[in-house]
file run.txt (compact mmCIF, C-alpha atoms and all ligand atoms)
# COMPACT_ATOMS: atom_id res chain seq x y z
CA MET H 1308 -25.57 -14.46 92.22
CA LYS H 1309 -27.92 -16.73 94.16
CA ASP H 1310 -26.42 -16.23 97.61
CA PRO H 1311 -28.62 -13.48 99.06
CA GLN H 1312 -26.32 -12.55 101.95
CA ILE H 1313 -23.14 -12.16 99.91
CA LYS H 1314 -25.09 -10.49 97.10
CA LYS H 1315 -26.40 -7.93 99.56
CA LEU H 1316 -22.93 -7.27 100.96
CA ILE H 1317 -21.40 -6.87 97.50
CA GLU H 1318 -24.16 -4.43 96.53
CA ALA H 1319 -23.64 -2.51 99.78
CA GLU H 1320 -19.89 -2.27 99.19
CA LYS H 1321 -20.43 -1.15 95.58
CA LYS H 1322 -22.73 1.58 96.85
CA ARG H 1323 -20.23 2.62 99.53
CA GLN H 1324 -17.41 2.81 96.99
CA LYS H 1325 -19.54 5.03 94.72
CA LYS H 1326 -20.63 7.32 97.53
CA VAL H 1327 -17.31 8.16 99.18
CA VAL H 1328 -14.30 10.23 98.17
CA ASN H 1329 -11.55 7.61 98.32
CA LEU H 1330 -8.17 9.03 99.26
CA ILE H 1331 -6.61 5.75 100.45
CA ALA H 1332 -3.20 6.01 98.77
CA SER H 1333 -2.92 2.26 98.09
CA GLU H 1334 -6.37 1.67 96.56
CA ASN H 1335 -7.79 2.05 93.08
CA TYR H 1336 -10.76 1.00 90.93
CA VAL H 1337 -10.16 -1.73 88.35
CA SER H 1338 -11.82 -1.89 84.94
CA LYS H 1339 -14.74 -4.18 84.08
CA ASP H 1340 -12.33 -6.28 82.00
CA VAL H 1341 -10.10 -6.88 85.02
CA LEU H 1342 -13.15 -7.87 87.07
CA GLU H 1343 -14.26 -10.22 84.31
CA ALA H 1344 -10.89 -11.98 84.27
CA LEU H 1345 -10.94 -12.26 88.06
CA GLY H 1346 -14.43 -13.75 88.04
CA SER H 1347 -13.68 -16.21 85.23
CA GLU H 1348 -13.39 -20.00 85.07
CA LEU H 1349 -9.60 -19.63 85.29
CA THR H 1350 -10.06 -19.80 89.05
CA ASN H 1351 -10.91 -23.51 88.67
CA LYS H 1352 -7.51 -24.59 87.40
CA TYR H 1353 -4.51 -25.90 89.34
CA ALA H 1354 -1.30 -24.86 87.62
CA GLU H 1355 1.54 -25.60 90.08
CA GLY H 1356 4.85 -25.12 88.33
CA TYR H 1357 5.73 -22.74 85.51
CA PRO H 1358 4.79 -22.57 81.80
CA GLY H 1359 5.87 -25.81 80.12
CA ARG H 1360 6.72 -27.38 83.50
CA ARG H 1361 3.44 -28.05 85.34
CA TYR H 1362 2.54 -30.74 87.84
CA TYR H 1363 -1.04 -31.15 86.54
CA GLY H 1364 -2.41 -31.93 83.10
CA GLY H 1365 -4.65 -29.63 81.11
CA ASN H 1366 -2.44 -26.57 81.44
CA ASP H 1367 -1.80 -25.59 77.79
CA ILE H 1368 -4.10 -22.59 78.10
CA MET H 1369 -2.77 -21.60 81.53
CA ASP H 1370 0.76 -21.65 80.06
CA LYS H 1371 -0.40 -19.12 77.46
CA VAL H 1372 -2.06 -16.93 80.09
CA GLU H 1373 1.03 -16.86 82.30
CA SER H 1374 3.47 -16.31 79.42
CA LEU H 1375 1.33 -13.48 78.06
CA CYS H 1376 1.28 -11.83 81.48
CA GLN H 1377 5.08 -12.11 81.68
CA GLU H 1378 5.53 -10.67 78.17
CA ARG H 1379 3.26 -7.74 78.95
CA ALA H 1380 4.96 -7.04 82.28
CA LEU H 1381 8.41 -6.86 80.66
CA ALA H 1382 7.16 -4.81 77.71
CA LEU H 1383 5.35 -2.29 79.91
CA PHE H 1384 8.56 -1.35 81.70
CA GLY H 1385 10.74 -1.57 78.56
CA LEU H 1386 12.69 -4.62 79.74
CA PRO H 1387 14.31 -7.00 77.21
CA ALA H 1388 13.59 -10.65 78.06
CA HIS H 1389 17.27 -11.58 77.80
CA GLU H 1390 18.13 -9.05 80.54
CA TRP H 1391 15.15 -9.36 82.88
CA HIS H 1392 12.94 -12.16 84.14
CA VAL H 1393 9.56 -11.66 85.78
CA ASN H 1394 7.69 -14.01 88.10
CA VAL H 1395 3.95 -13.25 87.96
CA GLN H 1396 2.79 -15.82 90.53
CA PRO H 1397 3.13 -14.02 93.93
CA LEU H 1398 -0.28 -13.83 95.55
CA SER H 1399 0.38 -10.34 96.86
CA GLY H 1400 3.13 -7.96 97.94
CA SER H 1401 4.10 -9.54 101.25
CA PRO H 1402 4.69 -13.03 99.79
CA ALA H 1403 6.59 -11.44 96.90
CA ASN H 1404 9.02 -9.73 99.25
CA MET H 1405 9.28 -12.85 101.40
CA ALA H 1406 10.17 -14.85 98.28
CA VAL H 1407 13.03 -12.49 97.43
CA TYR H 1408 14.57 -12.79 100.89
CA THR H 1409 13.98 -16.56 101.03
CA ALA H 1410 15.79 -16.90 97.72
CA LEU H 1411 18.72 -14.63 98.37
CA LEU H 1412 19.49 -14.37 102.07
CA SER H 1413 21.26 -16.80 104.33
CA ASN H 1414 19.10 -18.47 106.91
CA PRO H 1415 20.50 -19.05 110.40
CA SER H 1416 18.33 -22.13 110.86
CA LYS H 1417 20.59 -23.81 108.30
CA ALA H 1418 23.45 -23.57 110.80
CA PRO H 1419 25.29 -26.82 111.65
CA THR H 1420 23.36 -29.39 113.62
CA ASP H 1421 24.71 -32.08 115.97
CA SER H 1422 24.40 -34.60 113.19
CA GLY H 1423 27.13 -32.64 111.44
CA SER H 1424 25.37 -32.99 108.12
CA THR H 1425 25.92 -29.33 107.26
CA PRO H 1426 29.53 -28.19 106.83
CA TYR H 1427 30.54 -25.71 109.53
CA ASN H 1428 30.20 -22.15 108.32
CA PRO H 1429 30.25 -19.44 111.01
CA ALA H 1430 28.73 -16.91 108.58
CA SER H 1431 25.58 -18.98 108.42
CA LEU H 1432 25.08 -18.45 112.17
CA GLN H 1433 24.36 -14.79 111.46
CA PRO H 1434 21.11 -13.84 109.78
CA SER H 1435 21.62 -11.73 106.66
CA LYS H 1436 20.92 -8.05 107.03
CA ILE H 1437 18.15 -6.21 105.23
CA MET H 1438 18.82 -2.48 105.20
CA ALA H 1439 15.46 -0.76 104.86
CA MET H 1440 13.47 2.26 105.93
CA SER H 1441 11.81 1.76 109.30
CA LEU H 1442 8.04 1.45 109.30
CA ASP H 1443 7.46 4.69 111.21
CA HIS H 1444 9.40 6.66 108.58
CA GLY H 1445 7.42 5.19 105.66
CA GLY H 1446 8.80 1.66 105.15
CA HIS H 1447 6.75 -1.55 105.10
CA LEU H 1448 6.33 -4.46 107.50
CA THR H 1449 7.93 -6.82 104.96
CA HIS H 1450 11.06 -4.70 104.80
CA GLY H 1451 12.34 -6.48 107.92
CA HIS H 1452 10.11 -5.08 110.68
CA LYS H 1453 10.31 -7.13 113.87
CA VAL H 1454 6.62 -8.18 113.88
CA SER H 1455 6.91 -9.56 110.33
CA ALA H 1456 8.45 -12.94 109.52
CA THR H 1457 10.96 -10.94 107.48
CA GLY H 1458 12.23 -9.36 110.70
CA LYS H 1459 12.13 -12.62 112.64
CA PHE H 1460 14.22 -14.58 110.13
CA TRP H 1461 16.59 -11.80 109.12
CA GLN H 1462 17.99 -8.71 110.74
CA GLN H 1463 16.78 -5.27 109.72
CA VAL H 1464 19.24 -2.41 109.58
CA PRO H 1465 16.74 0.44 109.75
CA TYR H 1466 17.18 3.84 108.19
CA GLY H 1467 15.00 6.94 108.27
CA ILE H 1468 14.62 10.30 106.67
CA ASP H 1469 16.51 13.46 107.52
CA PRO H 1470 14.80 15.31 110.41
CA VAL H 1471 15.25 18.71 108.78
CA THR H 1472 14.46 18.11 105.09
CA GLU H 1473 12.17 15.13 105.79
CA THR H 1474 13.66 13.50 102.70
CA LEU H 1475 16.32 10.81 102.18
CA ASN H 1476 19.87 11.70 103.18
CA TYR H 1477 21.88 9.59 100.73
CA ASP H 1478 25.27 10.43 102.30
CA GLN H 1479 24.02 9.19 105.64
CA LEU H 1480 22.65 6.03 104.03
CA ARG H 1481 26.00 5.41 102.37
CA GLU H 1482 27.77 5.56 105.73
CA THR H 1483 25.29 3.12 107.26
CA ALA H 1484 25.63 0.70 104.32
CA MET H 1485 29.44 0.79 104.51
CA LYS H 1486 29.36 0.08 108.24
CA GLU H 1487 26.62 -2.57 108.29
CA LYS H 1488 27.31 -4.40 105.02
CA PRO H 1489 23.71 -5.51 104.39
CA ALA H 1490 22.98 -8.28 101.92
CA ILE H 1491 20.06 -6.35 100.45
CA LEU H 1492 19.25 -2.63 100.40
CA VAL H 1493 15.49 -2.10 100.14
CA THR H 1494 14.08 1.12 98.75
CA GLY H 1495 10.53 2.07 97.70
CA TYR H 1496 8.13 3.03 100.47
CA THR H 1497 4.51 3.31 101.59
CA ALA H 1498 4.50 6.86 102.92
CA TYR H 1499 7.29 8.78 101.16
CA PRO H 1500 5.82 11.46 98.90
CA ARG H 1501 8.98 12.44 97.05
CA VAL H 1502 10.97 11.10 94.12
CA ILE H 1503 13.63 8.57 95.12
CA ASP H 1504 16.99 9.11 93.44
CA TRP H 1505 17.52 5.55 92.20
CA ALA H 1506 21.06 6.25 90.96
CA ARG H 1507 22.11 7.40 94.40
CA MET H 1508 20.41 4.40 95.97
CA LYS H 1509 22.46 2.16 93.68
CA GLU H 1510 25.62 3.92 94.93
CA VAL H 1511 24.52 3.27 98.52
CA ALA H 1512 23.95 -0.42 97.73
CA GLU H 1513 27.31 -0.74 96.02
CA ALA H 1514 29.08 1.01 98.91
CA GLY H 1515 27.75 -1.69 101.24
CA GLY H 1516 28.20 -4.56 98.77
CA ALA H 1517 24.42 -5.12 98.73
CA LEU H 1518 21.89 -6.03 96.09
CA LEU H 1519 19.47 -3.19 95.34
CA MET H 1520 15.83 -4.23 95.76
CA VAL H 1521 13.15 -1.71 94.83
CA ASP H 1522 9.63 -2.28 96.16
CA MET H 1523 7.75 0.00 93.76
CA SER H 1524 4.27 -1.11 94.88
CA HIS H 1525 2.98 2.41 95.45
CA ILE H 1526 4.41 4.03 92.36
CA ALA H 1527 4.32 1.22 89.76
CA GLY H 1528 1.51 2.83 87.76
CA LEU H 1529 3.29 6.18 87.80
CA VAL H 1530 6.49 4.52 86.55
CA ALA H 1531 4.53 2.68 83.84
CA GLY H 1532 2.86 5.91 82.78
CA GLY H 1533 6.10 7.91 82.72
CA ALA H 1534 5.09 10.14 85.65
CA TYR H 1535 7.85 8.95 88.03
CA PRO H 1536 11.46 7.90 87.23
CA SER H 1537 11.99 4.21 86.48
CA PRO H 1538 14.09 2.22 88.96
CA PHE H 1539 14.92 -0.48 86.39
CA PRO H 1540 18.22 0.98 85.12
CA TYR H 1541 19.62 0.65 88.67
CA ALA H 1542 17.82 -2.17 90.48
CA ASP H 1543 18.81 -5.83 90.75
CA ILE H 1544 15.31 -6.82 91.86
CA VAL H 1545 12.01 -4.94 91.62
CA THR H 1546 8.89 -6.11 93.42
CA THR H 1547 5.47 -4.56 93.06
CA THR H 1548 1.89 -5.13 93.96
CA THR H 1549 -0.44 -4.69 91.01
CA HIS H 1550 -3.46 -3.09 92.67
CA LYS H 1551 -2.31 0.39 93.67
CA THR H 1552 -1.42 3.03 91.06
CA LEU H 1553 -1.03 0.19 88.51
CA ARG H 1554 -4.82 -0.37 88.77
CA GLY H 1555 -4.92 -4.15 88.50
CA PRO H 1556 -6.22 -6.94 90.74
CA ARG H 1557 -4.63 -7.83 94.09
CA ALA H 1558 -1.44 -9.67 93.16
CA ALA H 1559 2.28 -8.98 92.78
CA LEU H 1560 5.22 -9.28 90.39
CA ILE H 1561 8.92 -9.89 91.00
CA PHE H 1562 11.28 -8.58 88.32
CA VAL H 1563 14.86 -9.82 88.51
CA ARG H 1564 17.92 -9.03 86.46
CA ARG H 1565 19.28 -12.07 84.60
CA ASP H 1566 23.00 -12.48 85.19
CA MET H 1567 25.70 -14.88 86.29
CA ARG H 1568 24.30 -15.06 89.80
CA GLU H 1569 21.14 -16.78 88.54
CA LEU H 1570 18.94 -14.81 90.93
CA ASP H 1571 16.01 -15.47 88.59
CA LYS H 1572 16.18 -19.24 89.11
CA LYS H 1573 16.51 -18.83 92.88
CA ILE H 1574 13.52 -16.49 93.03
CA ASP H 1575 11.33 -18.78 90.91
CA LYS H 1576 12.15 -21.66 93.25
CA ALA H 1577 11.40 -19.55 96.32
CA VAL H 1578 7.93 -18.61 94.98
CA PHE H 1579 7.11 -22.18 93.94
CA PRO H 1580 7.65 -24.63 95.55
CA GLY H 1581 9.26 -22.60 98.34
CA LEU H 1582 6.36 -20.51 99.57
CA GLN H 1583 3.30 -21.08 97.40
CA GLY H 1584 1.31 -23.84 95.76
CA GLY H 1585 -1.01 -23.31 92.82
CA PRO H 1586 -0.91 -19.81 91.36
CA HIS H 1587 -4.20 -17.87 91.17
CA MET H 1588 -4.57 -18.03 87.39
CA ASN H 1589 -7.66 -15.80 87.36
CA ALA H 1590 -5.64 -13.09 89.12
CA ILE H 1591 -2.73 -13.57 86.71
CA ALA H 1592 -5.16 -13.08 83.80
CA GLY H 1593 -6.50 -9.96 85.55
CA VAL H 1594 -2.95 -8.64 85.92
CA ALA H 1595 -2.35 -9.28 82.21
CA VAL H 1596 -5.45 -7.24 81.37
CA ALA H 1597 -4.32 -4.40 83.63
CA LEU H 1598 -0.82 -4.42 82.11
CA ARG H 1599 -2.32 -4.05 78.63
CA GLU H 1600 -4.43 -1.13 79.85
CA ALA H 1601 -1.36 0.46 81.46
CA ALA H 1602 0.47 0.45 78.13
CA THR H 1603 -2.05 2.82 76.50
CA PRO H 1604 -1.79 6.60 75.95
CA ALA H 1605 -4.91 6.97 78.11
CA PHE H 1606 -3.02 5.43 81.04
CA ARG H 1607 -0.08 7.81 80.50
CA ARG H 1608 -2.53 10.71 80.76
CA TYR H 1609 -4.02 9.08 83.87
CA ALA H 1610 -0.62 8.76 85.58
CA ALA H 1611 0.24 12.39 84.82
CA GLN H 1612 -3.16 13.49 86.17
CA VAL H 1613 -2.68 11.49 89.38
CA VAL H 1614 0.47 13.51 90.12
CA LYS H 1615 -1.11 16.83 89.08
CA ASN H 1616 -4.06 16.10 91.36
CA ALA H 1617 -1.78 15.21 94.28
CA LYS H 1618 0.24 18.40 93.82
CA THR H 1619 -2.94 20.46 93.71
CA LEU H 1620 -4.42 18.77 96.79
CA ALA H 1621 -1.11 19.21 98.63
CA GLY H 1622 -0.78 22.87 97.65
CA GLU H 1623 -4.34 23.68 98.74
CA LEU H 1624 -3.92 21.99 102.12
CA ARG H 1625 -0.57 23.70 102.65
CA ASP H 1626 -2.06 27.09 101.83
CA ARG H 1627 -4.72 26.46 104.44
CA GLY H 1628 -2.03 25.92 107.07
CA TRP H 1629 -1.67 22.11 107.16
CA ARG H 1630 1.89 20.87 107.59
CA LEU H 1631 2.91 18.36 104.94
CA ILE H 1632 5.82 16.00 105.51
CA SER H 1633 8.66 17.19 103.23
CA GLY H 1634 6.50 20.19 102.32
CA GLY H 1635 4.66 18.57 99.40
CA THR H 1636 4.66 15.69 96.95
CA ASP H 1637 6.15 14.46 93.67
CA SER H 1638 3.85 11.45 93.44
CA HIS H 1639 0.28 10.33 94.21
CA LEU H 1640 0.80 10.49 97.97
CA ILE H 1641 0.64 13.16 100.66
CA LEU H 1642 1.49 12.79 104.34
CA VAL H 1643 -0.23 15.41 106.50
CA ASP H 1644 0.77 16.22 110.07
CA THR H 1645 -2.66 16.99 111.51
CA TRP H 1646 -1.32 17.16 115.05
CA MET H 1647 1.81 19.35 114.75
CA SER H 1648 2.88 18.45 118.27
CA ASP H 1649 -0.32 19.97 119.63
CA VAL H 1650 0.51 23.35 118.14
CA VAL H 1651 -2.29 25.06 116.27
CA ASN H 1652 -0.48 27.38 113.89
CA GLU H 1653 -1.24 30.96 112.91
CA LYS H 1654 -3.65 29.73 110.24
CA GLY H 1655 -5.59 27.80 112.86
CA ALA H 1656 -4.63 24.35 111.50
CA GLY H 1657 -3.48 21.51 113.78
CA GLY H 1658 -4.24 19.87 117.09
CA VAL H 1659 -6.13 16.91 115.58
CA PRO H 1660 -4.62 13.43 116.12
CA GLY H 1661 -4.54 11.25 112.98
CA ARG H 1662 -7.11 8.78 114.30
CA VAL H 1663 -9.60 11.52 115.10
CA ALA H 1664 -8.89 13.17 111.74
CA SER H 1665 -9.55 9.95 109.85
CA GLU H 1666 -12.77 9.25 111.81
CA ARG H 1667 -14.11 12.75 111.27
CA LEU H 1668 -13.32 12.63 107.57
CA GLU H 1669 -15.02 9.24 107.22
CA LYS H 1670 -18.19 10.67 108.75
CA ALA H 1671 -17.99 13.39 106.10
CA GLY H 1672 -17.60 10.77 103.33
CA ILE H 1673 -13.85 11.17 102.79
CA ILE H 1674 -11.87 7.96 103.34
CA VAL H 1675 -8.21 8.25 104.39
CA ASN H 1676 -5.92 6.33 106.71
CA LYS H 1677 -4.33 7.52 109.90
CA ASN H 1678 -0.57 7.32 109.54
CA ALA H 1679 2.54 7.73 111.65
CA ILE H 1680 4.75 10.63 110.63
CA PRO H 1681 8.55 10.42 110.90
CA PHE H 1682 9.78 11.10 114.46
CA ASP H 1683 6.17 10.79 115.64
CA SER H 1684 5.60 11.77 119.26
CA ARG H 1685 2.33 9.80 119.33
CA PRO H 1686 1.84 5.99 119.41
CA PRO H 1687 1.36 4.01 116.13
CA ALA H 1688 -2.30 3.23 116.92
CA ASP H 1689 -3.03 6.90 117.46
CA PRO H 1690 -0.44 8.72 115.37
CA SER H 1691 0.01 12.35 114.36
CA GLY H 1692 -0.95 12.21 110.74
CA ILE H 1693 -3.06 11.05 107.85
CA ARG H 1694 -1.98 9.72 104.46
CA LEU H 1695 -3.80 10.81 101.32
CA GLY H 1696 -3.50 9.56 97.72
CA THR H 1697 -5.10 10.55 94.44
CA ALA H 1698 -4.94 7.34 92.36
CA ALA H 1699 -8.51 6.17 93.02
CA GLU H 1700 -10.26 9.51 92.58
CA THR H 1701 -8.29 10.22 89.40
CA THR H 1702 -9.61 6.93 87.99
CA ARG H 1703 -13.07 8.35 88.62
CA GLY H 1704 -12.20 11.35 86.45
CA LYS H 1705 -11.38 13.92 89.12
CA LYS H 1706 -9.20 16.86 88.08
CA GLU H 1707 -7.50 19.81 89.77
CA ALA H 1708 -10.75 21.74 90.33
CA ASP H 1709 -12.16 18.74 92.21
CA MET H 1710 -9.01 18.53 94.33
CA LYS H 1711 -9.48 22.14 95.37
CA LYS H 1712 -13.00 21.33 96.55
CA ILE H 1713 -11.79 18.21 98.39
CA ALA H 1714 -9.03 20.20 100.13
CA LYS H 1715 -11.56 22.83 101.22
CA ARG H 1716 -13.83 20.12 102.63
CA ILE H 1717 -10.96 18.37 104.46
CA ASP H 1718 -9.95 21.69 105.97
CA GLU H 1719 -13.52 22.44 107.11
CA VAL H 1720 -13.99 18.99 108.64
CA LEU H 1721 -10.67 18.99 110.51
CA ARG H 1722 -11.17 22.49 111.91
CA LYS H 1723 -14.62 21.78 113.28
CA LYS H 1724 -14.25 21.23 117.01
N1 LIG H 1801 -1.06 -1.73 102.90
C1 LIG H 1801 -0.31 -1.04 101.86
C2 LIG H 1801 -0.43 0.43 101.99
O1 LIG H 1801 -1.50 0.88 102.31
O2 LIG H 1801 0.53 1.14 101.72
C3 LIG H 1801 1.08 -1.50 101.81
O3 LIG H 1801 1.09 -2.89 101.76
call {"tool": "encode", "arguments": {"input": "run.txt", "output": "structure tokens"}}
result
Amino acid sequence: MKDPQIKKLIEAEKKRQKKVVNLIASENYVSKDVLEALGSELTNKYAEGYPGRRYYGGNDIMDKVESLCQERALALFGLPAHEWHVNVQPLSGSPANMAVYTALLSNPSKAPTDSGSTPYNPASLQPSKIMAMSLDHGGHLTHGHKVSATGKFWQQVPYGIDPVTETLNYDQLRETAMKEKPAILVTGYTAYPRVIDWARMKEVAEAGGALLMVDMSHIAGLVAGGAYPSPFPYADIVTTTTHKTLRGPRAALIFVRRDMRELDKKIDKAVFPGLQGGPHMNAIAGVAVALREAATPAFRRYAAQVVKNAKTLAGELRDRGWRLISGGTDSHLILVDTWMSDVVNEKGAGGVPGRVASERLEKAGIIVNKNAIPFDSRPPADPSGIRLGTAAETTRGKKEADMKKIAKRIDEVLRKK
């Protein structure tokens, strides 16, 4: 590296990453092999199109890279190629989700114009509905939130969690789906610690006549490693980023069931040429490397340890008096109510807004993110909670004993006034 400024910044960031305890639930540390693929000459190549159908010459090797990535993605999740297709080109999670909606939902801007070139179809005047968990209950911007293009072009039918159990109420969801008749039901969240009952979600989708789309970005590595139930037996479409629990580079995959509806062809067209140009072939190679790593027994042990670590961290914090949303976790992720509506409980825990909690922890070398909790009484920029995850620290070899120490430190830091 000859650029002294960037070199210095990279070195500084490497040092920071080594020094801190990283509990950001959506981050991880990739292998040297993944970094090598990302930093390779593959970044120089334009490969618009798909294997065997490119718009530029010189793509024989890129075809092999992309096909290998597709094969590994299907194999990792046990999906036969005649039943499932995977698009490995999305640049990241948000464009992947956008591609699914672009492919499958009706667009009101296609409504008839004065020229009369489009046949009159009143249904096309209504944007399709995306039924999805609202952001403040643990959904994602690209699940139809109003500030995202997904919420501007289509209409979100929001759902939340049950106020008492703080988990999904499938009967309630079923009623909403039957009433609203969404085109797509989105499940898979960014701040839901518990197992999602995919079979029941499929029933909800069917009750509303919707396709079932699972955004498994957070849990993909746990699914791959057998530490979380697989959504594939039930889903029509599965999207995922590749850089969270799956421990690959920043990119995304769209899996789609092959059937009479030809959703696979529509989704391919929506990714390219609909929304993207040349795929990032270095990232696709990095994803392929990560997928191979995720198919190993060592990765299965890793995924199991991620969940064990999260359960230990959650249990220790709970024992020290911190209120956890839904009472605990089944995954890599924990949502802590540090504020508790300004009530400091009998164990002396509480009364710290999420923003203050995250700032104090950062000063103590523990990196988390402030996070809204369901039914939050505080504003999104200064919410009541923090979100913790164990994927990154488990990659660094941390075990249950380390989690106990981390919990003790979090407790000390948050109690200090
Ligand atoms: N930003 C990711 C997360 O932290 O959950 C979701 O895209």
call {"tool": "closest_residue", "arguments": {"input": "run.txt", "among": "H:Leu1386, H:Val1471, H:Met1588, H:Ala1558", "to": "ligand LIG 1801 (chain H)", "atoms": "all atoms listed in the file"}}
result
H:Ala1558
call {"tool": "residues_around", "arguments": {"input": "run.txt", "residues": "H:Gly1400", "least_positions_apart": "6", "cutoff": "10 Å", "atoms": "only C-alpha atoms", "output": "ChimeraX atom specification"}}
result
/H:1406,1449,1522,1524,1546-1550,1557-1561
call {"tool": "residues_near_ligand", "arguments": {"input": "run.txt", "ligand": "ligand LIG 1801 (chain H)", "cutoff": "10 Å", "atoms": "all atoms listed in the file", "output": "VMD selection string"}}
result
chain H and resid 1331 to 1334 1399 to 1401 1445 to 1449 1496 to 1498 1524 to 1525 1547 to 1548 1550 to 1551 1676 1678 1694
call {"tool": "residues_near_point", "arguments": {"input": "run.txt", "point": "(18.5, -14.0, 100.5)", "cutoff": "10 Å", "atoms": "all atoms listed in the file", "output": "PyMOL selection string"}}
result
chain H and resi 1405-1414+1434-1437+1461+1490-1491+1518+1570+1573-1574+1577
call {"tool": "residues_around", "arguments": {"input": "run.txt", "residues": "H:Glu1343", "least_positions_apart": "6", "cutoff": "12 Å", "atoms": "all atoms listed in the file", "output": "PyMOL selection string"}}
result
chain H and resi 1337+1349-1350+1555-1556+1589-1590+1592-1594+1596-1597
call {"tool": "residues_around", "arguments": {"input": "run.txt", "residues": "H:Gly1516", "least_positions_apart": "6", "cutoff": "8 Å", "atoms": "all atoms listed in the file", "output": "PyMOL selection string"}}
result
chain H and resi 1485+1488-1490
call {"tool": "residues_around", "arguments": {"input": "run.txt", "residues": "H:His1392", "least_positions_apart": "3", "cutoff": "7 Å", "atoms": "all atoms listed in the file", "output": "list in words"}}
result
Ala1388, Phe1562, Val1563, Arg1564, Arg1565 and Asp1571 of chain H
call {"tool": "atom_distance", "arguments": {"input": "run.txt", "atom1": "atom CA of H:Leu1330", "atom2": "atom CA of H:Gly1696"}}
result
4.9 Å
call {"tool": "axis_aligned_box", "arguments": {"input": "run.txt", "around": "stretch 1554-1559 of chain H", "padding_each_side": "5 Å", "output": "AutoDock Vina command-line options"}}
result
--center_x -2.0 --center_y -5.0 --center_z 91.3 --size_x 18.5 --size_y 19.3 --size_z 15.6
call {"tool": "closest_residue", "arguments": {"input": "run.txt", "among": "H:Arg1361, H:His1452, H:Arg1481, H:Arg1599", "to": "H:Leu1381", "atoms": "all atoms listed in the file"}}
result
H:Arg1599
call {"tool": "closest_residue", "arguments": {"input": "run.txt", "among": "H:Gly1495, H:Gly1451, H:Pro1580, H:Gly1515", "to": "H:Glu1482", "atoms": "all atoms listed in the file"}}
result
H:Gly1515
call {"tool": "atom_distance", "arguments": {"input": "run.txt", "atom1": "atom CA of H:Val1393", "atom2": "atom CA of H:Asp1566"}}
result
13.5 Å
call {"tool": "closest_residue", "arguments": {"input": "run.txt", "among": "H:Val1720, H:Ala1699, H:Leu1316, H:Ile1632", "to": "H:Thr1472", "atoms": "all atoms listed in the file"}}
result
H:Ile1632
